[in-house]
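Participant: I have a structure I would like to understand better, so I am pasting it below and will then ask my questions one at a time.
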Amino acid sequence: MAETVTLTVNGNNYEFPILEGSCGEKAIDISQLRSQTGLITYDPGFTCTGSCSSKITFLDGEKGVLLYRGIPIEQLAEKSTFIETAYLLIYGELPTQDQLDEFHYHIIHHSMVHESIKNFYDGFPNNPHPMAVCSAVVGSLATFYQNELNVRDEHEVEITIHRLLAKLPTIAAYSYKKSIGQPLPYPDNQLDYTTNFLKMMFATPCEPYTVDPVAARALDVLLIIHADHEQNCSTSSVRLVGSSMSNLFASVSAGIYALWGPLHGGANQAVIEMLQRIYDDGGDVYKYVNRAKDPKDPFRLMGFGHRVYKNFDPRSRIIKKMADEVLKKSGVKEPLLEIASELEKIALQDDYFIEKKLYPNVDFYSGIIYKALNIPVNMFPLMFAMGRLPGWIAQWKELQEDKAFKIGRPRQLYVGPTMREYLPMNERG
């Protein structure tokens, strides 16, 4: 017999079914709540509300588990590539070699942007934030590809997916080049995804430039572990915009803006700034740990704890190992990593952090790797956006194909004034 819950309102009983996901999660189906009772639920931040059913990503915050299409993130980070992981997320299965080769070919050969797009960069101020530039340029792609905007045409959607995955690294690199006054380079179709991006970021026409394969692989892993993370703020934004049947360019543009916020994609930038602050103040880690524990002190340790994970963020373990490898290969002694390691050691032994389950999260070490790769701090959120792009695409695509497709329309609990009369100007106090 199927499980149900009973809600009693004004002496009347209403039963609502309990749904169970493939990994054991349970949810009360309240889709008929308003029609049957006239009531809505009140859930600020949607922390207890499931907005959709999805086959893409599963995470268990209590156990520290993250699965893409059922495959553990640890296995993908070790054995896969970002392009293969993108295929998995978007299409649901790992590709055959022929499927991967074809997918990779299309991504590589759509990487060049229309020459007119370069003119956009001349219209921005000299040092704009890359997230603002990228969101604007991604949204503008809909004006260049007006014949592929039908969200119900599989062929048009396929072309748009290829274009967006291919062009975002080029758009991102151009944002950086614009900010430092260097010429905007063309992508190189002979290179893989991350190597091509790093070359566009750091090469100049004046001399040859070779990308370190260790750096390219480190970036590839970073993109993999950021590729999707269930219904977070930016992903929910992509879905909500997409629910109006907006095209993929417009929906992802909205996702980039949502990701920009310091509570979301800007968190790894905040970690680096915090570590730098501690370093500049003499590197006394204990001083700042004690400040973080003082409820009267506004200082907070960035990169600890997570909205969902109440255990170790599985991505942080992968990144820490990668950070050690990158810094060892470069031979650079990074004082901020030493501070980060000391902070982690203290947090894992301190009763305050243990009791509150404040473990290092994905942002804690990702900024260290970006810094080691010479990625400027204001580009950190954009690196997050590049990684999250396959997840946004997969979620948008799943929404469009959902048989229960509906435009998003959250309800509210109105607490403003009740009905009152309009007062003429001469009667207002």
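Going through the structure tokens in order, the chains are called A, B, and so on, while each chain numbers its residues from 1 and the ligands are numbered from 1 in the order shown.
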I need the residues of range 172-388 of chain A that end up classed as alpha helix (DSSP H) by DSSP on the backbone, written out as a PyMOL selection string.

Facilitator: chain A and resi 172-180+193-202+213-225+233-242+248-260+267-280+285-293+314-330+335-349+351-356+362-372+380-388

Participant: Which residues of range 167-261 of chain A come within 9 Å of range 390-400 of chain A, and what is each one's closest atom pair and distance in Å (one decimal), counting only C-alpha atoms, sorted by chain and residue number, as a Markdown table?

Facilitator:
```
| residue | atom | partner | partner_atom | distance |
| --- | --- | --- | --- | --- |
| A:His226 | CA | A:Gly391 | CA | 8.6 |
| A:Ala227 | CA | A:Gly391 | CA | 5.4 |
| A:Asp228 | CA | A:Gly391 | CA | 4.4 |
| A:His229 | CA | A:Gly391 | CA | 7.6 |
| A:Glu230 | CA | A:Gly391 | CA | 8.4 |
| A:Gln231 | CA | A:Gln395 | CA | 8.9 |
| A:Ser234 | CA | A:Trp392 | CA | 8.1 |
| A:Thr235 | CA | A:Trp392 | CA | 5.7 |
| A:Ser236 | CA | A:Gln395 | CA | 8.8 |
| A:Val238 | CA | A:Trp392 | CA | 6.5 |
| A:Arg239 | CA | A:Trp396 | CA | 5.6 |
| A:Gly242 | CA | A:Trp396 | CA | 6.3 |
| A:Ser243 | CA | A:Leu399 | CA | 7.3 |
| A:Met245 | CA | A:Gln400 | CA | 7.7 |
| A:Leu248 | CA | A:Trp396 | CA | 7.3 |
| A:Ser251 | CA | A:Trp396 | CA | 8.0 |
| A:Val252 | CA | A:Trp392 | CA | 6.8 |
| A:Gly255 | CA | A:Trp392 | CA | 7.7 |
```

Participant: I want to know what sits within 12 Å of Gly261 in chain A, based on only C-alpha atoms, with residues of the same chain fewer than 2 positions away left out; could you give that as a short mmCIF file (atom, residue, chain, number, x, y, z; two decimals) with N, CA, C and O atoms, in the first residue's frame?

Facilitator:
```cif
data_model
loop_
_atom_site.label_atom_id
_atom_site.label_comp_id
_atom_site.auth_asym_id
_atom_site.auth_seq_id
_atom_site.Cartn_x
_atom_site.Cartn_y
_atom_site.Cartn_z
N MET A 131 32.01 38.38 -15.23
CA MET A 131 30.69 37.75 -15.18
C MET A 131 29.64 38.62 -15.87
O MET A 131 28.75 38.10 -16.57
N ALA A 132 29.74 39.93 -15.69
CA ALA A 132 28.79 40.84 -16.34
C ALA A 132 28.96 40.79 -17.85
O ALA A 132 27.98 40.75 -18.61
N CYS A 233 20.93 27.65 -6.70
CA CYS A 233 20.35 28.93 -7.10
C CYS A 233 20.45 29.17 -8.61
O CYS A 233 19.45 29.51 -9.26
N SER A 234 21.64 28.99 -9.19
CA SER A 234 21.80 29.29 -10.61
C SER A 234 21.08 28.28 -11.48
O SER A 234 20.46 28.64 -12.50
N GLY A 255 21.49 32.24 -15.64
CA GLY A 255 22.23 31.40 -14.70
C GLY A 255 23.57 32.01 -14.33
O GLY A 255 24.00 31.93 -13.17
N ILE A 256 24.25 32.63 -15.29
CA ILE A 256 25.54 33.26 -15.02
C ILE A 256 25.36 34.40 -14.03
O ILE A 256 26.15 34.56 -13.09
N TYR A 257 24.33 35.21 -14.22
CA TYR A 257 24.07 36.29 -13.28
C TYR A 257 23.78 35.76 -11.88
O TYR A 257 24.25 36.30 -10.88
N ALA A 258 22.99 34.69 -11.79
CA ALA A 258 22.68 34.10 -10.48
C ALA A 258 23.94 33.56 -9.81
O ALA A 258 24.11 33.69 -8.59
N LEU A 259 24.81 32.98 -10.61
CA LEU A 259 26.05 32.40 -10.07
C LEU A 259 27.00 33.47 -9.56
O LEU A 259 27.84 33.21 -8.71
N LEU A 263 27.33 34.59 -2.41
CA LEU A 263 26.87 33.41 -1.67
C LEU A 263 26.83 32.17 -2.55
O LEU A 263 26.52 31.08 -2.08
N HIS A 264 27.17 32.32 -3.82
CA HIS A 264 27.12 31.19 -4.76
C HIS A 264 28.47 31.06 -5.44
O HIS A 264 29.44 30.61 -4.85
N GLY A 265 28.59 31.51 -6.68
CA GLY A 265 29.82 31.31 -7.43
C GLY A 265 30.97 32.20 -7.01
O GLY A 265 32.12 31.96 -7.39
N GLY A 266 30.66 33.24 -6.25
CA GLY A 266 31.73 34.14 -5.82
C GLY A 266 32.40 33.71 -4.53
O GLY A 266 33.29 34.40 -4.03
N ALA A 267 32.00 32.55 -4.00
CA ALA A 267 32.50 32.13 -2.70
C ALA A 267 33.99 31.81 -2.72
O ALA A 267 34.72 32.08 -1.76
N ASN A 268 34.49 31.20 -3.82
CA ASN A 268 35.93 30.86 -3.85
C ASN A 268 36.80 32.12 -3.93
O ASN A 268 37.92 32.14 -3.44
N GLN A 269 36.27 33.17 -4.54
CA GLN A 269 36.97 34.45 -4.54
C GLN A 269 37.06 34.98 -3.11
O GLN A 269 38.10 35.49 -2.69
N ALA A 270 35.98 34.84 -2.35
CA ALA A 270 35.96 35.30 -0.97
C ALA A 270 36.96 34.52 -0.11
O ALA A 270 37.55 35.07 0.83
N PHE A 380 37.51 33.97 -11.10
CA PHE A 380 37.13 32.75 -10.39
C PHE A 380 35.66 32.38 -10.61
O PHE A 380 35.36 31.22 -10.94
N PRO A 381 34.72 33.33 -10.44
CA PRO A 381 33.31 32.95 -10.66
C PRO A 381 33.04 32.50 -12.09
O PRO A 381 32.18 31.64 -12.32
N LEU A 382 33.78 33.06 -13.04
CA LEU A 382 33.57 32.68 -14.43
C LEU A 382 34.10 31.27 -14.71
O LEU A 382 33.53 30.53 -15.53
N PHE A 384 33.88 28.94 -12.55
CA PHE A 384 32.76 28.17 -12.01
C PHE A 384 31.67 28.05 -13.08
O PHE A 384 31.10 26.96 -13.29
N ALA A 385 31.37 29.16 -13.77
CA ALA A 385 30.33 29.15 -14.80
C ALA A 385 30.69 28.21 -15.95
O ALA A 385 29.83 27.49 -16.46
#
```

Participant: At a cut-off of 10 Å, using only C-alpha atoms, what residues contact range 305-320 of chain A? Leave out same-chain residues fewer than 5 positions from it and give the result as a PyMOL selection string.

Facilitator: chain A and resi 47+59-66+72-74+77-78+218+221-222+224-226+232+325-326+337+341+353-354+356-369

Participant: Can you pull out the residues contacting Ile159 in chain A? Cut-off 12 Å, using only C-alpha atoms, and skip same-chain residues under 5 positions away; I want them as a PyMOL selection string.

Facilitator: chain A and resi 103+106-107+109-110+145-151+153-154+164-166+248-249

Participant: With 10 Å as the cut-off and only C-alpha atoms counted, what is the closest atom pair between each nearby residue of range 125-165 of chain A and range 173-176 of chain A? Distances in Å to one decimal, ordered by chain and number, as a Markdown table.

Facilitator:
```
| residue | atom | partner | partner_atom | distance |
| --- | --- | --- | --- | --- |
| A:Asn127 | CA | A:Tyr176 | CA | 8.9 |
| A:Pro128 | CA | A:Ser175 | CA | 8.1 |
| A:His129 | CA | A:Ser175 | CA | 8.2 |
| A:Pro130 | CA | A:Ser175 | CA | 5.4 |
| A:Met131 | CA | A:Ser175 | CA | 8.6 |
| A:Ala132 | CA | A:Ser175 | CA | 9.4 |
| A:Val133 | CA | A:Ser175 | CA | 6.6 |
| A:Cys134 | CA | A:Ser175 | CA | 7.2 |
| A:Val137 | CA | A:Ser175 | CA | 9.9 |
```
